[in-house]
Amino acid sequence: MFRRYPDGVLVWCFNQDREEMLTALGLTMADLFDSPRTSYRYADGRTVTRSYRDGKKTFSQSGTRSGRALFNIDNPPTDQDSVVYVVEGEKDVRAATAVGVFAVSQAQGARTSPERADWSPLRGRRVVVVQDKDDVGRARAKAVAKLLVGTAASVAIVEAREGKDLADHIAAGLGIGELVPVPWQASASSPVDPVVGFWSARPVLAHVLEFARARRAGPWGTLGVVLARAVAAVPPTVTLPATVGGRMSLNLFTALVGPSGSGKGACEAAARDALVCCYDPTGRVVVDVPEFPLGSGEGIARSFRPAGADDDAPNLRDRAVFTAPEVDTMKALFARTGATLEAELRKLYSGEQIGFNNAQKTTRTVVSAHSYRACLVVGAQPLRAGALLDGADGGTPQRFLWLPVADPDAPDQAPAEPAVWKVRLRDWQPGPLPIPDVARQEIDAARLARLRGGTDEAETLDGHGLLSRLKVAAALMVLDGRTVIDAQDWALAGVVMAVSDGTRASVQRAATEQKRRANHARALASAEREEILSDRKFQRARNSILRSLTDGPAGRSPLRRRMKEDIRANFDAALSDLLDSGQILESGPDSKPVYTLSTDGPESPGTHPGNPALPAEIL
């Protein structure tokens, strides 16, 4: 395939042997350029010249070789919201120009430190870094992206769907929107918003974003509900392959994360209206996805099959979406005496047999494995999500997508609401879906490491991460109207999981901080209580000594014996305090002192031994 670009012709050979193809045509790489020597001029005076000698590409530089300007930065788009693509090399910049997008690159090779370039012109802009598909290119893309965090408005990393770089991708006839998003993190605790690359990857995703913003709903939360409803439209006999253990269901769980009133209901409503699935080619008959409030474990099974049904009778229905607007609902259901809900949800996620095989047929409800499709959408306030997080040892939180309902990049002016998107579903064959080799290899490698004991407790919450990713990939496949999961589905699902992991981590941090504050408050309260109790015991000890001395002078031992056992530890301190305050007097030898009430103590004026008119606090 050949494609014209500003300095020559891009070529793509689908067997990836470009040199062989050119040789068969009697051409060389030099023949693909308008001139054997092509010069690229930078705004700071640097000139880079590319030429071919004996079939080999060479580069030379002249002019201001120490300049820091990016190539092509002298003519940026006037619209601040326009995406700027950062590519590796001047040829890729020219290729981007050929398809109508703006791109820049740094001078010299991929091993040149990004700090040697001036990235300030990208301040406040939406940036997409296009990485070359080799180790050096991937390392450079991440280094550039990290450097731009805090400067650019948003940063995403993508790579070519075909070939090594952007020029190959374009030469293969692919568009900018078909670049594959690459999940990445600026730091272990700070996932970077991949909004640019993800939402522009497919028209249906761009539609979800636009619809969510038209309804002032969070895009990620809306997408989570859309994915669940798309999965619910697929027959339950369609499963994931047995990559680890047996076949797995597509059943998907989503937690919509945000404080009370932040828009969880808006995300659900927007998802219902944004998109429908249909098998009818005309699009007039849509798949009905019934919704039910979450109840007991028995109630879930009876939503599909009534109690007492004959063994050979079909299920009442084969699909449902269960909802719990507030996670407190789940907490209350989990806490019921004899509750089975949490255990049933774990089986529901895998598509296992659910229900209860009671002795009496009238109360028996058994729903066979892979005979039902069930998805779950839960609203989760960060500080009240303990009902999900506390089940980590049983695998409950690992089975959820954690997606935020907030939209920090929401535009000031809501866009016009687009028409409903109709997903045309194909004919499904019962059995496992085909999955790409890259997914199978990653899942197998992770499982092998776990079998060999290569994982630690810190990875407990990621035990089902790759399975959830595969389910998301299947849902994205459904939205794209296909029946085979491909590598791009897997890559896009990786972005969703990166957002989910970051959201769940923020919920964990909030929960940890809440517990820390609660523990601190309890410790302060306990310390204050102990202080109060100690003070009360001290006062009781003082009063005990004063009461004893109203009967006349006494020594240490009699005073201490008359004191109740629970306050004797305070005897010495109380005695010393009464002497210091002048309320009692000491006489006699040091070895056997005798104590008497003072007749002019500051707290008991006029009192004396035998006087019953003692201050009220002494009695």
# chains A, B, ... in the order shown; residues from 1 in each chain; ligands from 1

call {"tool": "residues_around", "arguments": {"residues": "Ser350 (chain A)", "least_positions_apart": "5", "cutoff": "8 Å", "atoms": "only C-alpha atoms", "output": "PyMOL selection string"}}
result
chain A and resi 248-251

call {"tool": "write_last_selection", "arguments": {"atoms": "all heavy atoms", "output": "PDB file, in the first residue's frame"}}
result
ATOM      1  N   MET A 248     -15.310 -19.285  31.787  1.00  0.00           N
ATOM      2  CA  MET A 248     -15.796 -18.213  32.654  1.00  0.00           C
ATOM      3  C   MET A 248     -16.900 -17.439  31.951  1.00  0.00           C
ATOM      4  O   MET A 248     -16.878 -17.259  30.726  1.00  0.00           O
ATOM      5  CB  MET A 248     -14.671 -17.261  33.031  1.00  0.00           C
ATOM      6  CG  MET A 248     -13.806 -17.756  34.160  1.00  0.00           C
ATOM      7  SD  MET A 248     -14.695 -17.669  35.732  1.00  0.00           S
ATOM      8  CE  MET A 248     -13.497 -18.461  36.804  1.00  0.00           C
ATOM      9  N   SER A 249     -17.833 -16.950  32.742  1.00  0.00           N
ATOM     10  CA  SER A 249     -18.930 -16.148  32.214  1.00  0.00           C
ATOM     11  C   SER A 249     -18.447 -14.742  31.871  1.00  0.00           C
ATOM     12  O   SER A 249     -17.425 -14.263  32.380  1.00  0.00           O
ATOM     13  CB  SER A 249     -20.051 -16.071  33.252  1.00  0.00           C
ATOM     14  OG  SER A 249     -21.052 -15.171  32.838  1.00  0.00           O
ATOM     15  N   LEU A 250     -19.197 -14.061  31.015  1.00  0.00           N
ATOM     16  CA  LEU A 250     -18.938 -12.659  30.713  1.00  0.00           C
ATOM     17  C   LEU A 250     -19.516 -11.734  31.780  1.00  0.00           C
ATOM     18  O   LEU A 250     -19.303 -10.513  31.722  1.00  0.00           O
ATOM     19  CB  LEU A 250     -19.562 -12.271  29.362  1.00  0.00           C
ATOM     20  CG  LEU A 250     -19.169 -13.071  28.119  1.00  0.00           C
ATOM     21  CD1 LEU A 250     -19.830 -12.460  26.888  1.00  0.00           C
ATOM     22  CD2 LEU A 250     -17.673 -13.103  27.939  1.00  0.00           C
ATOM     23  N   ASN A 251     -20.272 -12.284  32.744  1.00  0.00           N
ATOM     24  CA  ASN A 251     -20.951 -11.468  33.747  1.00  0.00           C
ATOM     25  C   ASN A 251     -20.012 -10.423  34.338  1.00  0.00           C
ATOM     26  O   ASN A 251     -18.881 -10.743  34.723  1.00  0.00           O
ATOM     27  CB  ASN A 251     -21.518 -12.347  34.856  1.00  0.00           C
ATOM     28  CG  ASN A 251     -22.610 -13.267  34.354  1.00  0.00           C
ATOM     29  OD1 ASN A 251     -23.082 -13.141  33.223  1.00  0.00           O
ATOM     30  ND2 ASN A 251     -23.022 -14.212  35.180  1.00  0.00           N
TER      31      ASN A 251
END

call {"tool": "residues_around", "arguments": {"residues": "Leu122 (chain A)", "least_positions_apart": "4", "cutoff": "9 Å", "atoms": "only C-alpha atoms", "output": "PyMOL selection string"}}
result
chain A and resi 84+126-127+148+151-153

call {"tool": "write_last_selection", "arguments": {"atoms": "N, CA and C atoms", "output": "compact mmCIF listing (two decimals), in the first residue's frame"}}
result
# COMPACT_ATOMS: atom_id res chain seq x y z
N VAL A 84 -2.22 17.55 20.39
CA VAL A 84 -0.86 17.60 19.85
C VAL A 84 -0.25 16.20 19.98
N ARG A 126 -3.72 19.22 25.18
CA ARG A 126 -3.97 17.78 25.28
C ARG A 126 -2.94 17.06 24.40
N VAL A 127 -2.16 16.19 25.02
CA VAL A 127 -1.01 15.59 24.33
C VAL A 127 -1.19 14.08 24.23
N LEU A 148 5.78 15.49 30.84
CA LEU A 148 4.70 16.41 30.48
C LEU A 148 3.58 16.46 31.51
N THR A 151 2.42 19.75 33.02
CA THR A 151 2.56 20.81 32.01
C THR A 151 1.38 20.74 31.05
N ALA A 152 1.17 19.56 30.47
CA ALA A 152 0.05 19.38 29.54
C ALA A 152 -1.26 19.23 30.31
N ALA A 153 -2.37 19.54 29.62
CA ALA A 153 -3.68 19.38 30.24
C ALA A 153 -3.99 17.91 30.47

call {"tool": "atom_distance", "arguments": {"atom1": "CA of Gly588 (chain A)", "atom2": "CA of Met563 (chain A)"}}
result
22.1 Å

call {"tool": "atom_distance", "arguments": {"atom1": "CA of Asn570 (chain A)", "atom2": "CA of Ile584 (chain A)"}}
result
16.6 Å

call {"tool": "select_by_dssp", "arguments": {"residues": "region 98-128 of chain A", "states": "strand (DSSP E or B)", "output": "PyMOL selection string"}}
result
chain A and resi 102-105+126-128

call {"tool": "closest_residue", "arguments": {"among": "A:Leu256, A:Val478, A:Leu345, A:Ala385", "to": "Leu227 (chain A)", "atoms": "only C-alpha atoms"}}
result
A:Val478

call {"tool": "residues_around", "arguments": {"residues": "region 483-494 of chain A", "least_positions_apart": "4", "cutoff": "9 Å", "atoms": "only C-alpha atoms", "output": "MDAnalysis selection string"}}
result
chainID A and resid 161 178:183 198 201 425:429 433:439 466 468:478 498:499

call {"tool": "residues_around", "arguments": {"residues": "Val208 (chain A)", "least_positions_apart": "2", "cutoff": "8 Å", "atoms": "only C-alpha atoms", "output": "list in words"}}
result
Val204, Leu205, Ala206, Glu210, Phe211, Ala212, Pro219, Thr222, Leu223, Ala271 and Ala274 of chain A

call {"tool": "write_last_selection", "arguments": {"atoms": "N, CA and C atoms", "output": "PDB file, in the first residue's frame"}}
result
ATOM      1  N   VAL A 204     -17.880   4.478  18.810  1.00  0.00           N
ATOM      2  CA  VAL A 204     -18.857   4.203  19.858  1.00  0.00           C
ATOM      3  C   VAL A 204     -18.391   4.761  21.200  1.00  0.00           C
ATOM      4  N   LEU A 205     -17.076   4.761  21.442  1.00  0.00           N
ATOM      5  CA  LEU A 205     -16.561   5.326  22.685  1.00  0.00           C
ATOM      6  C   LEU A 205     -16.678   6.850  22.667  1.00  0.00           C
ATOM      7  N   ALA A 206     -16.401   7.448  21.526  1.00  0.00           N
ATOM      8  CA  ALA A 206     -16.581   8.896  21.397  1.00  0.00           C
ATOM      9  C   ALA A 206     -18.047   9.270  21.632  1.00  0.00           C
ATOM     10  N   GLU A 210     -19.511  11.804  24.497  1.00  0.00           N
ATOM     11  CA  GLU A 210     -20.318  12.966  24.135  1.00  0.00           C
ATOM     12  C   GLU A 210     -21.694  12.906  24.802  1.00  0.00           C
ATOM     13  N   PHE A 211     -22.310  11.727  24.835  1.00  0.00           N
ATOM     14  CA  PHE A 211     -23.634  11.594  25.433  1.00  0.00           C
ATOM     15  C   PHE A 211     -23.567  11.863  26.937  1.00  0.00           C
ATOM     16  N   ALA A 212     -22.543  11.309  27.587  1.00  0.00           N
ATOM     17  CA  ALA A 212     -22.395  11.512  29.026  1.00  0.00           C
ATOM     18  C   ALA A 212     -22.243  12.999  29.339  1.00  0.00           C
ATOM     19  N   PRO A 219     -18.238  10.357  32.368  1.00  0.00           N
ATOM     20  CA  PRO A 219     -18.034   9.433  31.237  1.00  0.00           C
ATOM     21  C   PRO A 219     -17.631   8.024  31.655  1.00  0.00           C
ATOM     22  N   THR A 222     -20.596   6.277  33.235  1.00  0.00           N
ATOM     23  CA  THR A 222     -21.559   5.948  32.183  1.00  0.00           C
ATOM     24  C   THR A 222     -21.073   4.756  31.375  1.00  0.00           C
ATOM     25  N   LEU A 223     -19.779   4.753  31.043  1.00  0.00           N
ATOM     26  CA  LEU A 223     -19.228   3.625  30.290  1.00  0.00           C
ATOM     27  C   LEU A 223     -19.372   2.327  31.067  1.00  0.00           C
ATOM     28  N   ALA A 271     -26.555   6.004  30.546  1.00  0.00           N
ATOM     29  CA  ALA A 271     -26.187   4.753  29.873  1.00  0.00           C
ATOM     30  C   ALA A 271     -27.403   4.090  29.236  1.00  0.00           C
ATOM     31  N   ALA A 274     -28.184   6.249  26.104  1.00  0.00           N
ATOM     32  CA  ALA A 274     -27.123   6.507  25.128  1.00  0.00           C
ATOM     33  C   ALA A 274     -27.036   5.435  24.059  1.00  0.00           C
TER      34      ALA A 274
END

call {"tool": "closest_residue", "arguments": {"among": "A:Val423, A:Thr396, A:Ala214, A:Glu344", "to": "Val226 (chain A)", "atoms": "only C-alpha atoms"}}
result
A:Val423

call {"tool": "select_by_dssp", "arguments": {"residues": "region 275-448 of chain A", "states": "helix (DSSP H, G or I)", "output": "ChimeraX atom specification"}}
result
/A:297-304,327-335,341-350,361-363,382-384,386-389,392-394,397-399,437-448

call {"tool": "closest_residue", "arguments": {"among": "A:Ala69, A:Ala574, A:Leu559, A:Ala269", "to": "Phe538 (chain A)", "atoms": "only C-alpha atoms"}}
result
A:Ala574

call {"tool": "closest_residue", "arguments": {"among": "A:Val507, A:Thr323, A:Ser260, A:Arg364", "to": "Gly308 (chain A)", "atoms": "only C-alpha atoms"}}
result
A:Arg364

call {"tool": "closest_residue", "arguments": {"among": "A:Val238, A:Ala96, A:Val83, A:Ile545", "to": "Leu174 (chain A)", "atoms": "only C-alpha atoms"}}
result
A:Ala96

call {"tool": "residues_around", "arguments": {"residues": "region 40-54 of chain A", "least_positions_apart": "5", "cutoff": "9 Å", "atoms": "only C-alpha atoms", "output": "list in words"}}
result
Met29, Ala30, Ser35, Phe59, Ser60, Gln61, Ser62, Gly63, Thr64, Arg65, Ser66, Gly67, Arg68, Ala69, Leu70, Phe71, Asn72, Ile73, Asp74, Glu90, Ala107 and Gln108 of chain A

call {"tool": "residues_around", "arguments": {"residues": "Asp412 (chain A)", "least_positions_apart": "3", "cutoff": "12 Å", "atoms": "only C-alpha atoms", "output": "PDB file with N, CA and C atoms, in the first residue's frame"}}
result
ATOM      1  N   ARG A 213     -21.438  13.689  28.556  1.00  0.00           N
ATOM      2  CA  ARG A 213     -21.230  15.115  28.816  1.00  0.00           C
ATOM      3  C   ARG A 213     -22.458  15.940  28.465  1.00  0.00           C
ATOM      4  N   ALA A 214     -23.220  15.496  27.465  1.00  0.00           N
ATOM      5  CA  ALA A 214     -24.470  16.187  27.153  1.00  0.00           C
ATOM      6  C   ALA A 214     -25.444  16.078  28.311  1.00  0.00           C
ATOM      7  N   ARG A 216     -24.453  15.705  31.460  1.00  0.00           N
ATOM      8  CA  ARG A 216     -23.716  16.096  32.659  1.00  0.00           C
ATOM      9  C   ARG A 216     -23.522  14.895  33.595  1.00  0.00           C
ATOM     10  N   ASP A 407     -16.203  14.074  36.540  1.00  0.00           N
ATOM     11  CA  ASP A 407     -15.649  14.423  35.229  1.00  0.00           C
ATOM     12  C   ASP A 407     -14.879  15.737  35.359  1.00  0.00           C
ATOM     13  N   PRO A 408     -13.617  15.680  35.809  1.00  0.00           N
ATOM     14  CA  PRO A 408     -12.842  16.907  36.011  1.00  0.00           C
ATOM     15  C   PRO A 408     -12.685  17.748  34.736  1.00  0.00           C
ATOM     16  N   ASP A 409     -12.767  17.102  33.562  1.00  0.00           N
ATOM     17  CA  ASP A 409     -12.585  17.825  32.298  1.00  0.00           C
ATOM     18  C   ASP A 409     -13.903  18.205  31.645  1.00  0.00           C
ATOM     19  N   PRO A 415     -22.225  19.695  25.391  1.00  0.00           N
ATOM     20  CA  PRO A 415     -22.449  19.491  23.953  1.00  0.00           C
ATOM     21  C   PRO A 415     -23.887  19.076  23.680  1.00  0.00           C
TER      22      PRO A 415
END

call {"tool": "closest_residue", "arguments": {"among": "A:Trp220, A:Phe322, A:Phe400, A:Phe253", "to": "Pro290 (chain A)", "atoms": "only C-alpha atoms"}}
result
A:Phe322

call {"tool": "atom_distance", "arguments": {"atom1": "CA of Gly351 (chain A)", "atom2": "CA of Val287 (chain A)"}}
result
20.6 Å
